[in-house]
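Visitor: The structure follows.
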Amino acid sequence: GFVAWNGYRRERSDVVRDLVDGGQVPTGDSDTAVFRSAQSRFTFAGGGDDWAWSAGVDARHETAVGERIGASGSASLTRAAVFGSAEWRATERLLVRPGVRFAYNSAFGAPVIPSVHAKWASGPHAVRASYASGFRAPDLKELHFQFVDFNHNIVGSPDLQPERSHSVQLGYTWRRVGPTSLWEANARVFYNDVRDMIDLALVDADALAYAYVNAGRSQAAGATAKAARQGEAWSLQAELTGIRREWVVTAFSLQAAVSADVQLPRRSVWSVQINHAHKEQQLTTAPDGTLTAAVLSPFTNVATYLS
């Protein structure tokens, strides 16, 4: 377990400086922001040959004070939870792991969060399946902090509601270890359903102003395929992900990545990385105030370096 305390204080003072005589005059646009948090977490574990268990508690209390902390200038938030999981080897090849989390949030009601994971393995083959419920409450900065300077224009939203989600996935992995290399291939399909999704939205295009909003319900179904080879002389990894998402609008996006490392003489390594994103979405606000999604143009980034 652990116990931790963090403190952060930021003082900002804006002035107009005369570059001729060096004099300066305060503009009056100054503020101080103070964030403090105390956090603790303790876990316990035990078990036998065919079963194991773990349980724990965690808690976090946060406070924020400053001119940019909402209308009152101060806010606090307390979160705590009790959680546990068990691991049962049903057969020689099948492993089952259920879990549950009971949470408390001083600003929002927190539901019971269950999950269950299963793994079947035989030789180089492994199949994994899982279901998990999710809950994410907004933090203090998303609720109250006004982050406005010459580089940022982000405003918190005190009316934000928590996210609630369900996630299901099924995956297969094949792995082979050779004398000087490791070969691996895996495929995974997944489905995520998020209600009251929290996202950063562009609310004023002229001022480039952003705010945290509940962007409604987001449903995403997709598949990922990955192949990799790791060795002393060279390594190669390729990954492809396709996602169909129903969120404000329905769209299909594609992401691809390829990376390679080649061992050169004198212990040098030549690396190449290629990343491609196709039809990704960005949340924005229409002129009538409704949320909409902008589809970004396809983008490819290629980087190579020698180390």
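Chain labels run A, B, ... following the order of the structure tokens; each chain numbers its residues from 1, and ligands are numbered from 1 in the order shown.
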Skip Ala209 (chain A) itself and residues of its chain fewer than 5 positions away, then list as a list in words all residues within 7 Å of it, counting only C-alpha atoms.

Guide: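 Listing them by chain and then by number gives Asn153, Ile154, Leu202, Val203 and Asp204 of chain A.
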
Visitor: Kindly save the residues from that selection, with N, CA and C atoms included, as a PDB file, in the first residue's frame.

Guide:
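In the end it all went to part_18.pdb:
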```pdb
ATOM      1  N   ASN A 153      -7.405  27.992 -24.277  1.00  0.00           N
ATOM      2  CA  ASN A 153      -8.699  28.591 -23.960  1.00  0.00           C
ATOM      3  C   ASN A 153      -9.672  27.446 -23.665  1.00  0.00           C
ATOM      4  N   ILE A 154      -9.520  26.861 -22.468  1.00  0.00           N
ATOM      5  CA  ILE A 154     -10.307  25.694 -22.065  1.00  0.00           C
ATOM      6  C   ILE A 154     -11.061  26.034 -20.786  1.00  0.00           C
ATOM      7  N   LEU A 202     -14.818  21.901 -29.338  1.00  0.00           N
ATOM      8  CA  LEU A 202     -14.589  23.273 -29.806  1.00  0.00           C
ATOM      9  C   LEU A 202     -15.927  24.000 -29.812  1.00  0.00           C
ATOM     10  N   VAL A 203     -16.109  24.949 -28.877  1.00  0.00           N
ATOM     11  CA  VAL A 203     -17.397  25.636 -28.731  1.00  0.00           C
ATOM     12  C   VAL A 203     -17.412  27.001 -29.397  1.00  0.00           C
ATOM     13  N   ASP A 204     -16.243  27.553 -29.734  1.00  0.00           N
ATOM     14  CA  ASP A 204     -16.170  28.845 -30.416  1.00  0.00           C
ATOM     15  C   ASP A 204     -14.968  28.803 -31.352  1.00  0.00           C
TER      16      ASP A 204
END
```

Visitor: Please identify every residue of region 106-138 of chain A that has at least one atom no farther than 10 Å from an atom of region 187-195 of chain A, counting only C-alpha atoms, and for each give the shortest atom pair and the distance in Å to one decimal, arranged by chain then increasing number, as CSV.

Guide:
```
residue,atom,partner,partner_atom,distance
A:Val127,CA,A:Arg188,CA,9.7
A:Arg128,CA,A:Arg188,CA,9.1
A:Ala129,CA,A:Arg188,CA,9.6
A:Ser130,CA,A:Phe190,CA,9.6
A:Tyr131,CA,A:Tyr191,CA,9.8
A:Ala132,CA,A:Asn192,CA,9.7
A:Ser133,CA,A:Asp193,CA,9.6
A:Gly134,CA,A:Val194,CA,8.5
A:Phe135,CA,A:Val194,CA,9.3
```

Visitor: Would you mind exporting the chosen residues as a PDB file, in the first residue's frame, restricted to N, CA, C and O atoms?

Guide:
```
ATOM      1  N   VAL A 127      -6.779 -17.903 -26.115  1.00  0.00           N
ATOM      2  CA  VAL A 127      -7.999 -17.171 -26.416  1.00  0.00           C
ATOM      3  C   VAL A 127      -8.434 -16.452 -25.150  1.00  0.00           C
ATOM      4  O   VAL A 127      -8.510 -17.062 -24.074  1.00  0.00           O
ATOM      5  N   ARG A 128      -8.726 -15.167 -25.271  1.00  0.00           N
ATOM      6  CA  ARG A 128      -9.157 -14.360 -24.132  1.00  0.00           C
ATOM      7  C   ARG A 128     -10.510 -13.717 -24.438  1.00  0.00           C
ATOM      8  O   ARG A 128     -10.736 -13.249 -25.552  1.00  0.00           O
ATOM      9  N   ALA A 129     -11.371 -13.684 -23.423  1.00  0.00           N
ATOM     10  CA  ALA A 129     -12.671 -13.032 -23.540  1.00  0.00           C
ATOM     11  C   ALA A 129     -12.919 -12.251 -22.259  1.00  0.00           C
ATOM     12  O   ALA A 129     -12.494 -12.670 -21.173  1.00  0.00           O
ATOM     13  N   SER A 130     -13.597 -11.118 -22.366  1.00  0.00           N
ATOM     14  CA  SER A 130     -13.835 -10.303 -21.176  1.00  0.00           C
ATOM     15  C   SER A 130     -15.062  -9.431 -21.353  1.00  0.00           C
ATOM     16  O   SER A 130     -15.453  -9.086 -22.479  1.00  0.00           O
ATOM     17  N   TYR A 131     -15.661  -9.106 -20.212  1.00  0.00           N
ATOM     18  CA  TYR A 131     -16.719  -8.105 -20.134  1.00  0.00           C
ATOM     19  C   TYR A 131     -16.420  -7.220 -18.931  1.00  0.00           C
ATOM     20  O   TYR A 131     -16.010  -7.705 -17.867  1.00  0.00           O
ATOM     21  N   ALA A 132     -16.630  -5.922 -19.079  1.00  0.00           N
ATOM     22  CA  ALA A 132     -16.400  -4.998 -17.966  1.00  0.00           C
ATOM     23  C   ALA A 132     -17.382  -3.838 -18.059  1.00  0.00           C
ATOM     24  O   ALA A 132     -17.676  -3.337 -19.145  1.00  0.00           O
ATOM     25  N   SER A 133     -17.880  -3.447 -16.904  1.00  0.00           N
ATOM     26  CA  SER A 133     -18.684  -2.240 -16.789  1.00  0.00           C
ATOM     27  C   SER A 133     -17.765  -1.110 -16.347  1.00  0.00           C
ATOM     28  O   SER A 133     -16.794  -1.339 -15.618  1.00  0.00           O
ATOM     29  N   GLY A 134     -18.053   0.100 -16.781  1.00  0.00           N
ATOM     30  CA  GLY A 134     -17.184   1.225 -16.469  1.00  0.00           C
ATOM     31  C   GLY A 134     -17.939   2.419 -15.927  1.00  0.00           C
ATOM     32  O   GLY A 134     -19.129   2.620 -16.217  1.00  0.00           O
ATOM     33  N   PHE A 135     -17.240   3.233 -15.138  1.00  0.00           N
ATOM     34  CA  PHE A 135     -17.797   4.460 -14.581  1.00  0.00           C
ATOM     35  C   PHE A 135     -16.656   5.455 -14.424  1.00  0.00           C
ATOM     36  O   PHE A 135     -15.621   5.134 -13.828  1.00  0.00           O
TER      37      PHE A 135
END
```

Visitor: Between A:Ala211, A:Ala86, A:Ala80, A:Val249, which has the minimum distance to Ala45 (chain A) (counting only C-alpha atoms)?

Guide: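 Closest residue, counting only C-alpha atoms: A:Ala86.
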
Visitor: DSSP on the backbone, then: every residue of region 159-302 of chain A marked strand (DSSP E), written as a PyMOL selection string.

Guide: chain A and resi 163-177+181-195+198-204+209-214+218-231+234-247+249-263+269-278+281-285+291-295+299-302

Visitor: Measuring atom to atom with only C-alpha atoms, identify which of A:Ser37, A:Ser157, A:Gln263, A:Ser235 is nearest to Leu200 (chain A).

Guide: A:Ser157

Visitor: Nearest to Asn186 (chain A) among A:Pro124, A:Gly216, A:Gly242, A:Pro162, with distances taken over only C-alpha atoms: which residue is it?

Guide: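 Nearest candidate to Asn186 (chain A) out of A:Pro124, A:Gly216, A:Gly242, A:Pro162: A:Pro124.
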
Visitor: Taking 3 positions as the minimum chain separation for residues in the same chain, which residues sit within 7 Å of region 31-33 of chain A when counting only C-alpha atoms? Answer as JSON, numbers by chain.

Guide: {"A": [9, 10, 11, 12, 13, 65, 66, 67]}

Visitor: Just how far from CA of Ala257 (chain A) is CA of Gly123 (chain A), in Å to one decimal?

Guide: 28.5 Å

Visitor: When you look at region 265-271 of chain A with a cut-off of 8 Å (counting only C-alpha atoms), what residues show up, excluding the ones that are within fewer than 6 positions of it in the same chain? I need them as number ranges by chain.

Guide: A: 259, 304-307

Visitor: Residues as selected, N, CA and C atoms, written as a PDB file, in the first residue's frame, can you do that?

Guide:
```pdb
ATOM      1  N   SER A 259       6.472  -0.461 -37.670  1.00  0.00           N
ATOM      2  CA  SER A 259       7.762  -0.035 -37.114  1.00  0.00           C
ATOM      3  C   SER A 259       8.788  -1.147 -37.316  1.00  0.00           C
ATOM      4  N   THR A 304      12.240   8.348 -39.269  1.00  0.00           N
ATOM      5  CA  THR A 304      13.370   7.430 -39.258  1.00  0.00           C
ATOM      6  C   THR A 304      14.521   8.090 -38.518  1.00  0.00           C
ATOM      7  N   TYR A 305      15.259   7.308 -37.768  1.00  0.00           N
ATOM      8  CA  TYR A 305      16.370   7.856 -37.012  1.00  0.00           C
ATOM      9  C   TYR A 305      17.398   6.762 -36.743  1.00  0.00           C
ATOM     10  N   LEU A 306      18.595   7.227 -36.414  1.00  0.00           N
ATOM     11  CA  LEU A 306      19.724   6.344 -36.144  1.00  0.00           C
ATOM     12  C   LEU A 306      20.198   6.590 -34.733  1.00  0.00           C
ATOM     13  N   SER A 307      20.323   5.530 -33.952  1.00  0.00           N
ATOM     14  CA  SER A 307      20.759   5.683 -32.568  1.00  0.00           C
ATOM     15  C   SER A 307      21.905   4.734 -32.252  1.00  0.00           C
TER      16      SER A 307
END
```
